[in-house]
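The file input.txt contains compact mmCIF, C-alpha atoms:
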```
# COMPACT_ATOMS: atom_id res chain seq x y z
CA MET A 272 -40.07 -39.99 63.98
CA ALA A 273 -39.21 -36.31 64.17
CA ARG A 274 -35.55 -35.50 63.74
CA ILE A 275 -33.25 -32.50 64.24
CA THR A 276 -31.58 -31.98 60.88
CA ALA A 277 -29.64 -28.75 61.44
CA GLY A 278 -28.69 -26.03 63.88
CA VAL A 279 -28.49 -22.33 63.18
CA GLY A 280 -26.71 -19.73 65.29
CA SER A 281 -27.51 -16.07 64.81
CA SER A 282 -27.42 -12.68 66.47
CA HIS A 283 -30.85 -11.09 66.93
CA VAL A 284 -30.06 -7.35 67.10
CA PRO A 285 -33.31 -5.31 66.97
CA LEU A 286 -31.83 -2.89 64.43
CA LEU A 287 -31.72 -5.76 61.89
CA GLY A 288 -35.50 -5.96 62.14
CA VAL A 289 -35.73 -2.21 61.58
CA ALA A 290 -33.50 -2.57 58.49
CA VAL A 291 -35.78 -5.27 57.04
CA ASP A 292 -39.00 -3.46 57.91
CA GLN A 293 -37.75 -0.16 56.41
CA GLY A 294 -36.20 -1.70 53.28
CA LYS A 295 -32.62 -0.77 54.21
CA SER A 296 -31.14 -4.26 54.26
CA ARG A 297 -29.02 -3.69 51.14
CA ASP A 298 -27.67 -0.22 51.93
CA ASP A 299 -23.99 0.43 52.63
CA TYR A 300 -24.33 -0.13 56.36
CA PHE A 301 -26.55 -3.23 56.41
CA GLY A 302 -25.60 -4.78 53.05
CA PRO A 303 -22.51 -6.65 54.30
CA ILE A 304 -24.50 -8.03 57.25
CA PHE A 305 -27.39 -9.33 55.16
CA ALA A 306 -25.09 -10.67 52.42
CA GLY A 307 -23.81 -13.15 54.99
CA TYR A 308 -27.33 -14.56 55.31
CA ASP A 309 -27.99 -14.99 51.56
CA TRP A 310 -26.59 -18.52 51.59
CA THR A 311 -28.87 -19.48 54.48
CA ARG A 312 -32.03 -18.00 52.93
CA GLU A 313 -31.46 -20.13 49.80
CA TRP A 314 -30.60 -23.18 51.88
CA GLU A 315 -33.76 -22.82 53.97
CA LYS A 316 -35.84 -22.83 50.76
CA THR A 317 -34.58 -26.33 49.96
CA GLU A 318 -34.49 -27.60 53.55
CA LYS A 319 -38.11 -26.58 54.24
CA PRO A 320 -38.13 -27.28 57.99
CA ASP A 321 -41.53 -28.17 59.44
CA VAL A 322 -40.67 -26.82 62.86
CA VAL A 323 -37.99 -24.56 64.28
CA ILE A 324 -37.22 -24.75 67.98
CA LEU A 325 -36.15 -21.16 68.46
CA VAL A 326 -33.97 -20.49 71.50
CA TYR A 327 -33.95 -16.80 72.37
CA ASN A 328 -34.32 -14.40 75.25
CA ASP A 329 -37.12 -12.03 76.01
CA HIS A 330 -35.96 -8.42 76.46
CA ALA A 331 -38.46 -7.21 79.07
CA SER A 332 -41.33 -7.70 76.62
CA ALA A 333 -43.36 -10.78 77.57
CA PHE A 334 -41.79 -11.10 81.01
CA ASP A 335 -41.48 -8.17 83.38
CA ALA A 336 -39.37 -8.07 86.55
CA ASN A 337 -41.97 -10.10 88.43
CA ILE A 338 -41.54 -13.68 87.16
CA ILE A 339 -38.16 -14.82 85.85
CA PRO A 340 -38.21 -18.31 84.33
CA THR A 341 -34.77 -19.78 83.67
CA PHE A 342 -36.02 -21.99 80.83
CA ALA A 343 -39.52 -21.47 79.42
CA ILE A 344 -41.18 -23.19 76.49
CA GLY A 345 -44.04 -21.76 74.43
CA CYS A 346 -46.82 -24.33 74.12
CA GLY A 347 -49.41 -22.04 72.53
CA GLU A 348 -51.05 -22.13 69.10
CA ASN A 349 -49.69 -18.75 68.03
CA TYR A 350 -47.81 -15.66 69.15
CA LYS A 351 -48.06 -12.01 68.17
CA PRO A 352 -45.06 -9.70 67.66
CA ALA A 353 -44.57 -7.60 70.81
CA ASP A 354 -44.88 -3.82 71.06
CA GLU A 355 -41.42 -2.98 72.36
CA GLY A 356 -42.12 0.71 72.78
CA TRP A 357 -42.48 1.81 69.17
CA GLY A 358 -45.34 -0.45 68.03
CA PRO A 359 -45.16 -4.13 66.99
CA ARG A 360 -42.97 -5.13 64.01
CA PRO A 361 -44.97 -5.49 60.78
CA VAL A 362 -44.25 -9.21 60.50
CA PRO A 363 -46.63 -12.19 60.38
CA ASP A 364 -47.88 -13.77 63.59
CA VAL A 365 -45.79 -16.75 64.63
CA GLU A 366 -47.53 -20.09 64.41
CA GLY A 367 -46.68 -22.46 67.26
CA HIS A 368 -46.64 -26.24 67.23
CA ALA A 369 -48.56 -26.81 70.44
CA ASP A 370 -48.57 -30.58 70.17
CA MET A 371 -44.84 -30.93 69.70
CA ALA A 372 -44.12 -28.19 72.24
CA TRP A 373 -46.16 -29.96 74.91
CA HIS A 374 -44.45 -33.22 74.00
CA ILE A 375 -41.04 -31.59 74.42
CA ALA A 376 -42.09 -29.89 77.67
CA GLN A 377 -43.36 -33.14 79.18
CA SER A 378 -40.31 -35.09 78.01
CA LEU A 379 -37.91 -32.48 79.40
CA ILE A 380 -39.61 -32.47 82.79
CA LEU A 381 -39.34 -36.26 82.98
CA ASP A 382 -35.70 -35.83 81.93
CA ASP A 383 -35.05 -33.61 85.02
CA PHE A 384 -35.40 -30.21 83.31
CA ASP A 385 -38.03 -28.27 85.24
CA MET A 386 -39.47 -26.18 82.43
CA THR A 387 -41.83 -23.24 82.75
CA ILE A 388 -44.75 -23.60 80.36
CA ILE A 389 -46.17 -20.58 78.57
CA ASN A 390 -49.54 -20.66 76.86
CA GLU A 391 -49.89 -17.03 75.84
CA MET A 392 -47.20 -14.46 75.15
CA ASP A 393 -46.03 -11.90 72.64
CA VAL A 394 -42.64 -12.50 71.07
CA ASP A 395 -40.08 -9.71 70.71
CA HIS A 396 -37.14 -9.05 68.37
CA GLY A 397 -35.20 -11.91 69.99
CA LEU A 398 -37.49 -14.31 68.14
CA THR A 399 -38.76 -12.35 65.13
CA VAL A 400 -35.41 -10.95 63.92
CA PRO A 401 -33.88 -14.42 63.34
CA LEU A 402 -37.04 -15.39 61.38
CA SER A 403 -36.58 -12.30 59.18
CA MET A 404 -32.88 -13.02 58.68
CA MET A 405 -33.49 -16.63 57.62
CA PHE A 406 -36.79 -16.28 55.73
CA GLY A 407 -36.95 -12.66 54.50
CA GLN A 408 -40.39 -11.06 54.27
CA PRO A 409 -42.98 -13.77 53.47
CA ASP A 410 -46.74 -13.24 53.96
CA ARG A 411 -46.61 -16.02 56.51
CA TRP A 412 -43.64 -17.76 58.11
CA PRO A 413 -42.84 -21.00 56.24
CA CYS A 414 -42.65 -23.17 59.37
CA LYS A 415 -44.07 -23.59 62.81
CA VAL A 416 -42.05 -22.35 65.77
CA VAL A 417 -41.54 -23.66 69.27
CA PRO A 418 -40.23 -20.69 71.29
CA LEU A 419 -37.75 -21.55 74.01
CA ALA A 420 -36.99 -18.53 76.18
CA VAL A 421 -33.89 -18.44 78.39
CA ASN A 422 -33.17 -16.02 81.22
CA VAL A 423 -29.90 -14.32 80.29
CA VAL A 424 -30.75 -11.05 82.06
CA THR A 425 -30.98 -11.66 85.83
CA TYR A 426 -28.00 -13.44 87.42
CA PRO A 427 -27.25 -16.21 87.83
CA VAL A 428 -28.28 -17.16 84.30
CA PRO A 429 -28.00 -20.89 83.45
CA SER A 430 -24.48 -22.26 83.04
CA GLY A 431 -23.09 -23.17 79.64
CA ASN A 432 -22.98 -26.78 80.72
CA ARG A 433 -26.65 -26.74 81.70
CA CYS A 434 -27.59 -25.14 78.39
CA TRP A 435 -25.69 -27.80 76.45
CA ALA A 436 -27.33 -30.56 78.51
CA LEU A 437 -30.76 -29.02 77.85
CA GLY A 438 -29.98 -29.20 74.14
CA GLU A 439 -29.14 -32.89 74.50
CA ALA A 440 -32.45 -33.47 76.28
CA ILE A 441 -34.34 -31.54 73.59
CA ALA A 442 -32.81 -33.84 70.96
CA ARG A 443 -34.04 -36.90 72.91
CA ALA A 444 -37.50 -35.34 73.22
CA VAL A 445 -37.72 -34.58 69.48
CA GLU A 446 -36.60 -38.10 68.57
CA SER A 447 -39.46 -39.55 70.57
CA TYR A 448 -42.11 -37.46 68.82
CA PRO A 449 -44.04 -39.88 66.59
CA GLU A 450 -44.71 -37.67 63.56
CA ASP A 451 -42.12 -37.57 60.76
CA LEU A 452 -41.03 -33.94 60.96
CA ASN A 453 -37.97 -32.02 59.82
CA VAL A 454 -36.94 -29.99 62.86
CA GLN A 455 -34.26 -27.34 63.14
CA ILE A 456 -32.96 -25.76 66.32
CA TRP A 457 -31.77 -22.19 66.32
CA GLY A 458 -29.63 -20.61 69.04
CA THR A 459 -29.81 -16.83 68.93
CA GLY A 460 -28.30 -13.75 70.58
CA GLY A 461 -24.81 -12.37 70.92
CA MET A 462 -22.19 -12.09 69.84
CA SER A 463 -19.98 -9.72 71.83
CA HIS A 464 -21.79 -6.58 72.97
CA GLN A 465 -22.22 -4.40 76.01
CA LEU A 466 -25.20 -2.07 76.19
CA GLN A 467 -24.58 -0.45 79.56
CA GLY A 468 -22.13 1.52 81.68
CA PRO A 469 -18.87 3.26 80.77
CA ARG A 470 -17.57 0.07 79.08
CA ALA A 471 -20.50 0.07 76.59
CA GLY A 472 -19.46 -0.72 73.03
CA LEU A 473 -17.03 -3.52 73.85
CA LEU A 474 -16.57 -5.98 70.96
CA ASN A 475 -14.23 -8.94 70.71
CA ARG A 476 -13.75 -10.38 67.22
CA GLU A 477 -11.07 -12.83 68.30
CA TRP A 478 -13.05 -14.36 71.17
CA ASP A 479 -16.30 -14.55 69.18
CA ASN A 480 -14.56 -16.47 66.42
CA LYS A 481 -12.89 -18.80 68.88
CA PHE A 482 -16.34 -19.51 70.31
CA MET A 483 -17.74 -20.32 66.86
CA ASP A 484 -14.77 -22.66 66.25
CA LEU A 485 -15.74 -24.56 69.40
CA LEU A 486 -19.21 -25.39 68.03
CA VAL A 487 -17.81 -27.31 65.05
CA GLY A 488 -16.63 -30.92 65.27
CA ASP A 489 -16.65 -33.05 68.39
CA THR A 490 -15.13 -30.76 71.03
CA GLN A 491 -17.24 -30.04 74.09
CA ALA A 492 -14.89 -27.39 75.47
CA ALA A 493 -17.49 -24.62 75.24
CA ARG A 494 -19.58 -26.33 77.91
CA ALA A 495 -17.05 -25.30 80.53
CA ILE A 496 -16.72 -21.59 79.71
CA PRO A 497 -17.67 -19.79 82.95
CA HIS A 498 -19.97 -16.75 82.97
CA ILE A 499 -17.15 -14.48 84.09
CA GLU A 500 -15.24 -15.24 80.90
CA TYR A 501 -18.18 -14.18 78.68
CA LEU A 502 -18.58 -11.05 80.78
CA ARG A 503 -14.93 -10.02 80.74
CA GLU A 504 -14.27 -10.93 77.12
CA THR A 505 -17.53 -10.21 75.30
CA GLY A 506 -19.33 -7.53 77.31
CA SER A 507 -22.24 -7.79 79.69
CA GLU A 508 -24.71 -8.82 76.97
CA GLY A 509 -22.32 -11.29 75.28
CA ILE A 510 -23.65 -13.81 77.82
CA GLU A 511 -26.49 -14.42 75.35
CA MET A 512 -24.09 -16.80 73.60
CA VAL A 513 -24.93 -19.50 76.16
CA MET A 514 -28.12 -19.91 74.12
CA TRP A 515 -26.05 -21.09 71.15
CA LEU A 516 -24.92 -23.98 73.37
CA ILE A 517 -28.49 -25.28 73.62
CA MET A 518 -28.49 -25.48 69.83
CA ARG A 519 -25.07 -27.13 69.77
CA GLY A 520 -26.00 -29.63 72.47
CA ALA A 521 -29.06 -30.69 70.48
CA LEU A 522 -26.89 -31.61 67.46
CA GLY A 523 -25.24 -34.56 69.20
CA ALA A 524 -21.66 -35.74 69.43
CA LYS A 525 -20.29 -34.13 66.29
CA THR A 526 -21.18 -31.35 63.85
CA ARG A 527 -20.19 -30.27 60.38
CA LEU A 528 -20.05 -26.59 59.40
CA LEU A 529 -22.20 -25.62 56.40
CA HIS A 530 -21.97 -21.84 56.56
CA ARG A 531 -20.37 -19.12 58.68
CA HIS A 532 -20.50 -15.34 58.76
CA TYR A 533 -19.13 -12.64 61.05
CA HIS A 534 -19.45 -8.88 60.83
CA ILE A 535 -18.66 -5.87 63.02
CA PRO A 536 -20.62 -3.75 63.84
CA CYS A 537 -24.39 -3.67 63.85
CA SER A 538 -25.22 -0.78 66.13
CA ASN A 539 -23.58 -1.87 69.44
CA THR A 540 -23.14 -5.51 68.50
CA ALA A 541 -20.97 -8.04 66.68
CA ILE A 542 -22.99 -10.15 64.25
CA GLY A 543 -22.28 -13.87 64.16
CA HIS A 544 -24.09 -16.51 62.14
CA MET A 545 -23.44 -20.16 61.47
CA VAL A 546 -25.25 -23.19 60.09
CA LEU A 547 -24.34 -26.63 61.40
CA GLU A 548 -25.53 -30.14 60.74
CA PRO A 549 -25.22 -33.18 62.96
CA VAL A 550 -22.74 -35.85 61.87
CA GLU A 551 -23.92 -39.40 62.47
CA MET B 466 -19.42 -27.87 88.27
CA LYS B 467 -21.30 -25.96 90.98
CA GLN B 468 -19.68 -22.66 91.88
CA ASP B 469 -19.87 -21.01 95.28
CA ILE B 470 -22.40 -18.17 94.99
CA HIS B 471 -20.29 -15.71 96.99
CA GLU B 472 -17.23 -16.24 94.82
CA TYR B 473 -19.41 -16.12 91.71
CA LEU B 474 -20.89 -12.75 92.66
CA ALA B 475 -17.59 -11.29 93.89
CA GLU B 476 -15.99 -11.76 90.46
CA PHE B 477 -18.63 -9.51 88.88
CA GLU B 478 -17.34 -6.51 90.85
CA ASP B 479 -13.97 -6.82 89.11
CA ILE B 480 -15.20 -5.83 85.64
CA PRO B 481 -14.45 -2.20 84.73
CA GLY B 482 -17.37 0.10 83.88
CA THR B 483 -19.98 -2.63 84.17
CA ARG B 484 -22.94 -3.31 86.48
CA ILE B 485 -23.99 -6.93 86.34
CA TYR B 486 -27.71 -7.32 87.04
CA THR B 487 -27.53 -9.46 90.15
CA ALA B 488 -30.30 -10.31 92.58
CA SER B 489 -29.35 -7.40 94.85
CA ARG B 490 -29.68 -4.95 91.93
CA ALA B 491 -32.92 -6.62 90.83
CA ARG B 492 -34.37 -6.18 94.32
CA LYS B 493 -33.26 -2.56 94.61
CA GLY B 494 -34.51 -1.69 91.17
CA TYR B 495 -37.73 -3.68 91.12
CA TRP B 496 -40.16 -0.74 90.88
CA LEU B 497 -37.79 1.30 88.74
CA ASN B 498 -37.82 -1.52 86.21
CA GLN B 499 -41.57 -2.09 86.53
CA PHE B 500 -42.18 1.64 85.96
CA ALA B 501 -40.00 1.50 82.83
CA MET B 502 -41.82 -1.62 81.66
CA SER B 503 -45.16 0.20 81.94
CA LEU B 504 -44.06 2.50 79.11
CA MET B 505 -44.57 -0.35 76.65
CA LYS B 506 -48.27 0.48 76.69
CA ALA B 507 -49.30 3.37 74.45
CA ASP B 508 -51.76 4.79 77.04
CA ASN B 509 -49.09 4.87 79.70
CA ARG B 510 -46.57 6.51 77.35
CA GLU B 511 -49.12 9.25 76.74
CA ARG B 512 -49.62 9.87 80.46
CA TRP B 513 -45.85 9.79 81.01
CA LYS B 514 -45.25 12.37 78.29
CA THR B 515 -47.88 14.76 79.61
CA GLY B 516 -46.41 14.78 83.12
CA GLU B 517 -43.26 12.82 83.93
CA ARG B 518 -43.05 13.70 87.60
CA ALA B 519 -46.74 13.02 88.23
CA TYR B 520 -46.45 9.67 86.45
CA LEU B 521 -43.35 8.73 88.47
CA ASP B 522 -45.08 9.67 91.72
CA GLN B 523 -47.55 6.85 91.14
CA TRP B 524 -44.74 4.31 91.50
CA GLN B 525 -42.86 3.19 94.62
CA LEU B 526 -39.55 4.67 93.50
CA SER B 527 -37.05 6.31 95.83
CA GLU B 528 -36.53 10.03 95.34
CA GLU B 529 -33.02 9.41 93.97
CA GLN B 530 -34.43 6.91 91.46
CA LYS B 531 -37.02 9.46 90.34
CA LEU B 532 -34.37 12.17 89.94
CA ALA B 533 -32.13 9.83 87.95
CA VAL B 534 -35.02 9.02 85.61
CA LEU B 535 -35.98 12.69 85.14
CA ALA B 536 -32.30 13.52 84.41
CA ARG B 537 -32.02 10.51 82.03
CA ASP B 538 -28.86 9.58 83.96
CA TYR B 539 -28.60 5.96 82.86
CA ASN B 540 -25.45 5.12 84.81
CA ARG B 541 -27.17 6.37 87.95
CA MET B 542 -30.27 4.32 87.10
CA LEU B 543 -28.05 1.23 86.71
CA ASP B 544 -26.51 1.95 90.13
CA LEU B 545 -29.99 2.19 91.61
CA GLY B 546 -30.99 -1.23 90.30
CA GLY B 547 -32.14 -0.51 86.77
CA ASN B 548 -31.64 -3.08 84.05
CA ILE B 549 -30.84 -1.83 80.58
CA TYR B 550 -33.57 -3.83 78.81
CA PHE B 551 -36.18 -2.29 81.12
CA LEU B 552 -34.57 1.17 80.95
CA SER B 553 -34.65 0.91 77.15
CA LYS B 554 -38.41 1.55 77.35
CA ILE B 555 -37.59 5.05 78.66
CA PHE B 556 -35.25 6.00 75.83
CA SER B 557 -37.48 4.31 73.26
CA SER B 558 -40.33 6.52 74.49
CA ASP B 559 -37.97 9.48 74.03
CA GLY B 560 -37.33 8.31 70.45
CA ILE B 561 -33.62 7.77 71.14
CA PRO B 562 -31.82 4.83 69.48
CA PHE B 563 -30.09 2.21 71.62
CA ALA B 564 -26.60 3.20 70.47
CA GLU B 565 -27.19 6.85 71.36
CA ALA B 566 -28.47 5.88 74.81
CA CYS B 567 -25.37 3.69 75.26
CA SER B 568 -23.11 6.58 74.32
CA THR B 569 -24.55 8.68 77.18
CA MET B 570 -23.15 6.12 79.64
CA THR B 571 -19.62 6.46 78.25
CA ASP B 572 -17.23 9.41 78.18
CA MET B 573 -17.95 9.88 74.45
CA THR B 574 -20.39 11.93 72.41
CA PHE B 575 -22.76 9.95 70.20
CA PRO B 576 -20.77 10.71 66.99
CA GLU B 577 -17.55 9.63 68.73
CA TYR B 578 -19.20 6.47 70.03
CA ARG B 579 -20.66 5.64 66.63
CA GLN B 580 -17.23 6.07 65.06
CA MET B 581 -15.66 3.78 67.66
CA MET B 582 -18.21 1.10 66.76
CA LEU B 583 -17.51 1.50 63.03
CA ASP B 584 -13.80 1.18 63.81
CA GLY B 585 -14.36 -2.21 65.45
CA GLY B 586 -15.78 -1.32 68.86
CA ARG B 587 -14.17 -0.85 72.24
CA SER B 588 -11.20 -3.15 72.67
CA PRO B 589 -11.32 -5.67 75.50
CA GLU B 590 -7.62 -4.88 76.06
CA GLY B 591 -7.27 -3.39 79.55
CA ASN B 592 -11.05 -3.59 80.02
CA ARG B 593 -11.42 -7.11 81.39
CA SER B 594 -10.36 -6.82 85.01
CA ILE B 595 -9.91 -3.99 87.49
CA LYS B 596 -7.57 -5.93 89.79
CA GLY B 597 -5.69 -7.70 87.02
CA GLY B 598 -5.43 -4.63 84.80
CA TYR B 599 -5.60 -6.74 81.63
```

Write out the structure in this file as structure tokens.
Amino acid sequence: MARITAGVGSSHVPLLGVAVDQGKSRDDYFGPIFAGYDWTREWEKTEKPDVVILVYNDHASAFDANIIPTFAIGCGENYKPADEGWGPRPVPDVEGHADMAWHIAQSLILDDFDMTIINEMDVDHGLTVPLSMMFGQPDRWPCKVVPLAVNVVTYPVPSGNRCWALGEAIARAVESYPEDLNVQIWGTGGMSHQLQGPRAGLLNREWDNKFMDLLVGDTQAARAIPHIEYLRETGSEGIEMVMWLIMRGALGAKTRLLHRHYHIPCSNTAIGHMVLEPVE
Amino acid sequence: MKQDIHEYLAEFEDIPGTRIYTASRARKGYWLNQFAMSLMKADNRERWKTGERAYLDQWQLSEEQKLAVLARDYNRMLDLGGNIYFLSKIFSSDGIPFAEACSTMTDMTFPEYRQMMLDGGRSPEGNRSIKGGY
């Protein structure tokens, strides 16, 4: 049976992709950010996941203003990096796991989560930056990826509780997949940032760290954080953190912390990163 | 856990200096955002750069939306229903980094804004609630 062996939380700031692609990841500005991922890059080499379920949001790349799926799952064979206005990132294509993705999609729908299914799409920095942070610059990505895109742009976005419950349902779906596969789930986005209006530039180190605390152990308090709290405390784009709750929900009743990193700033954003494993 | 939609939306108006992208903004800004999205294609960027006004006139934008775009007045574009991820295609086409575009929406110059970020960002203190003042 397939099993979820770990969860990873990470920001997905586009500038991190630029730093990797332009060889700047060890300069004075980016060095402290990337140093916090060194542990994880080594760990991933020994963990060798077969599949990563990568929870992220599309930033007006694959989806325009026309169709706005709350939860969408990529069931295709592969995905190309999106042209976000300055040409696609020079990273490998992303290989999907269509069979597992369809299995998860079907299982989730039977489990009362009405998923949108995507066969073809390009994937933007929300998905490719975490791959670069965790795997560096390989010729091909070392695992298959099931993209899970969440609407965190047009309100109402899904509640924290719903995201957590989706994670729980994803775990059930993975456990019923017959092949013996090592599966990780990554929740990406955040942490505090605001990219618009006169309040742009808001960061909140204290709140972000409190949020990360709530993902460790057996507390479920983060399920109940209302949208307005993310918006007031972490800026208009801090709401992306609800995607970390899908990852946390998929890890079951209790988690153990393996690694944690926090850094301010990267461009407009606070960088947060953690690695968790489920505790039986 | 279900929240009343009217109460939910009303709370968003209490955040200082922030336009939450609600359904009413999404409806108002639909073509503004679709225009901005079109700039992801290299051919369209080329046409846009050779004649901004002519390119805009092909879209169902209001005159005030067109003027806000031509003036690169991002706060105004937000007020008229723009969403920052869509609007980012405009400043990307201009070759302007995200942080610099953000700074134009604040009362700071880009160097001042960049320094604020290096110093730990804008504090949430006093920036959480208009009514509550906290």

(request) Find, counting all atoms listed in the file, the residue in A:Gly407, A:Gly438, A:Pro429, A:Pro418 that gets nearest to chain B. (result) A:Pro429

(request) Write out as a ChimeraX atom specification each polymer residue whose atoms come within 6 Å of stretch 387-403 of chain A, counting only C-alpha atoms; drop sequence neighbours fewer than 4 positions from it. (result) /A:283,285,288,327-328,333,343-347,350-353,407

Selected residues written out with C-alpha atoms, as a PDB file, keeping the file's coordinate frame:
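Saved file part-v3.pdb follows:
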```pdb
ATOM      1  CA  HIS A 283     -30.850 -11.090  66.930  1.00  0.00           C
ATOM      2  CA  PRO A 285     -33.310  -5.310  66.970  1.00  0.00           C
ATOM      3  CA  GLY A 288     -35.500  -5.960  62.140  1.00  0.00           C
ATOM      4  CA  TYR A 327     -33.950 -16.800  72.370  1.00  0.00           C
ATOM      5  CA  ASN A 328     -34.320 -14.400  75.250  1.00  0.00           C
ATOM      6  CA  ALA A 333     -43.360 -10.780  77.570  1.00  0.00           C
ATOM      7  CA  ALA A 343     -39.520 -21.470  79.420  1.00  0.00           C
ATOM      8  CA  ILE A 344     -41.180 -23.190  76.490  1.00  0.00           C
ATOM      9  CA  GLY A 345     -44.040 -21.760  74.430  1.00  0.00           C
ATOM     10  CA  CYS A 346     -46.820 -24.330  74.120  1.00  0.00           C
ATOM     11  CA  GLY A 347     -49.410 -22.040  72.530  1.00  0.00           C
ATOM     12  CA  TYR A 350     -47.810 -15.660  69.150  1.00  0.00           C
ATOM     13  CA  LYS A 351     -48.060 -12.010  68.170  1.00  0.00           C
ATOM     14  CA  PRO A 352     -45.060  -9.700  67.660  1.00  0.00           C
ATOM     15  CA  ALA A 353     -44.570  -7.600  70.810  1.00  0.00           C
ATOM     16  CA  GLY A 407     -36.950 -12.660  54.500  1.00  0.00           C
TER      17      GLY A 407
END
```

Using only C-alpha atoms, find each residue in stretch 533-566 of chain B having at least one atom no more than 7 Å away from stretch 494-512 of chain B; report its shortest atom-to-atom pair and that distance in Å (one decimal), rows by chain then rising number, as CSV.
```
residue,atom,partner,partner_atom,distance
B:Leu545,CA,B:Gly494,CA,6.0
B:Gly546,CA,B:Gly494,CA,3.7
B:Gly547,CA,B:Gly494,CA,5.1
B:Asn548,CA,B:Asn498,CA,6.7
B:Phe551,CA,B:Asn498,CA,5.4
B:Leu552,CA,B:Ala501,CA,5.8
B:Lys554,CA,B:Ala501,CA,5.7
B:Ile555,CA,B:Ala501,CA,6.0
B:Ser558,CA,B:Arg510,CA,6.9
```

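Separating atom CA of A:Gln377 from atom CA of A:Ser447 is a distance of 11.4 Å.
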
Step by step: start from the point (-32.3, -34.7, 79.3) in the file's coordinates, keep every protein, DNA or RNA residue that has an atom no farther than 12 Å from it, count all atoms listed in the file, and write the set as a PDB file with C-alpha atoms, in the frame of the given file.
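Final output, point.pdb:
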```
ATOM      1  CA  ILE A 375     -41.040 -31.590  74.420  1.00  0.00           C
ATOM      2  CA  ALA A 376     -42.090 -29.890  77.670  1.00  0.00           C
ATOM      3  CA  GLN A 377     -43.360 -33.140  79.180  1.00  0.00           C
ATOM      4  CA  SER A 378     -40.310 -35.090  78.010  1.00  0.00           C
ATOM      5  CA  LEU A 379     -37.910 -32.480  79.400  1.00  0.00           C
ATOM      6  CA  ILE A 380     -39.610 -32.470  82.790  1.00  0.00           C
ATOM      7  CA  LEU A 381     -39.340 -36.260  82.980  1.00  0.00           C
ATOM      8  CA  ASP A 382     -35.700 -35.830  81.930  1.00  0.00           C
ATOM      9  CA  ASP A 383     -35.050 -33.610  85.020  1.00  0.00           C
ATOM     10  CA  PHE A 384     -35.400 -30.210  83.310  1.00  0.00           C
ATOM     11  CA  ASP A 385     -38.030 -28.270  85.240  1.00  0.00           C
ATOM     12  CA  MET A 386     -39.470 -26.180  82.430  1.00  0.00           C
ATOM     13  CA  ARG A 433     -26.650 -26.740  81.700  1.00  0.00           C
ATOM     14  CA  CYS A 434     -27.590 -25.140  78.390  1.00  0.00           C
ATOM     15  CA  TRP A 435     -25.690 -27.800  76.450  1.00  0.00           C
ATOM     16  CA  ALA A 436     -27.330 -30.560  78.510  1.00  0.00           C
ATOM     17  CA  LEU A 437     -30.760 -29.020  77.850  1.00  0.00           C
ATOM     18  CA  GLY A 438     -29.980 -29.200  74.140  1.00  0.00           C
ATOM     19  CA  GLU A 439     -29.140 -32.890  74.500  1.00  0.00           C
ATOM     20  CA  ALA A 440     -32.450 -33.470  76.280  1.00  0.00           C
ATOM     21  CA  ILE A 441     -34.340 -31.540  73.590  1.00  0.00           C
ATOM     22  CA  ALA A 442     -32.810 -33.840  70.960  1.00  0.00           C
ATOM     23  CA  ARG A 443     -34.040 -36.900  72.910  1.00  0.00           C
ATOM     24  CA  ALA A 444     -37.500 -35.340  73.220  1.00  0.00           C
ATOM     25  CA  VAL A 445     -37.720 -34.580  69.480  1.00  0.00           C
ATOM     26  CA  ILE A 517     -28.490 -25.280  73.620  1.00  0.00           C
ATOM     27  CA  GLY A 520     -26.000 -29.630  72.470  1.00  0.00           C
ATOM     28  CA  ALA A 521     -29.060 -30.690  70.480  1.00  0.00           C
TER      29      ALA A 521
END
```

(request) At a cut-off of 7 Å, list the chain B residues touching chain A, using all atoms listed in the file, as a PyMOL selection string. (result) chain B and resi 480-488+495+498-499+502+504-505+540+549-551+554+557-558+564+567+570-572+582-583+585-589+593

Got time to write the residues from that selection, C-alpha atoms, as a compact mmCIF listing (two decimals), keeping the file's coordinate frame?
```txt
# COMPACT_ATOMS: atom_id res chain seq x y z
CA ILE B 480 -15.20 -5.83 85.64
CA PRO B 481 -14.45 -2.20 84.73
CA GLY B 482 -17.37 0.10 83.88
CA THR B 483 -19.98 -2.63 84.17
CA ARG B 484 -22.94 -3.31 86.48
CA ILE B 485 -23.99 -6.93 86.34
CA TYR B 486 -27.71 -7.32 87.04
CA THR B 487 -27.53 -9.46 90.15
CA ALA B 488 -30.30 -10.31 92.58
CA TYR B 495 -37.73 -3.68 91.12
CA ASN B 498 -37.82 -1.52 86.21
CA GLN B 499 -41.57 -2.09 86.53
CA MET B 502 -41.82 -1.62 81.66
CA LEU B 504 -44.06 2.50 79.11
CA MET B 505 -44.57 -0.35 76.65
CA ASN B 540 -25.45 5.12 84.81
CA ILE B 549 -30.84 -1.83 80.58
CA TYR B 550 -33.57 -3.83 78.81
CA PHE B 551 -36.18 -2.29 81.12
CA LYS B 554 -38.41 1.55 77.35
CA SER B 557 -37.48 4.31 73.26
CA SER B 558 -40.33 6.52 74.49
CA ALA B 564 -26.60 3.20 70.47
CA CYS B 567 -25.37 3.69 75.26
CA MET B 570 -23.15 6.12 79.64
CA THR B 571 -19.62 6.46 78.25
CA ASP B 572 -17.23 9.41 78.18
CA MET B 582 -18.21 1.10 66.76
CA LEU B 583 -17.51 1.50 63.03
CA GLY B 585 -14.36 -2.21 65.45
CA GLY B 586 -15.78 -1.32 68.86
CA ARG B 587 -14.17 -0.85 72.24
CA SER B 588 -11.20 -3.15 72.67
CA PRO B 589 -11.32 -5.67 75.50
CA ARG B 593 -11.42 -7.11 81.39
```
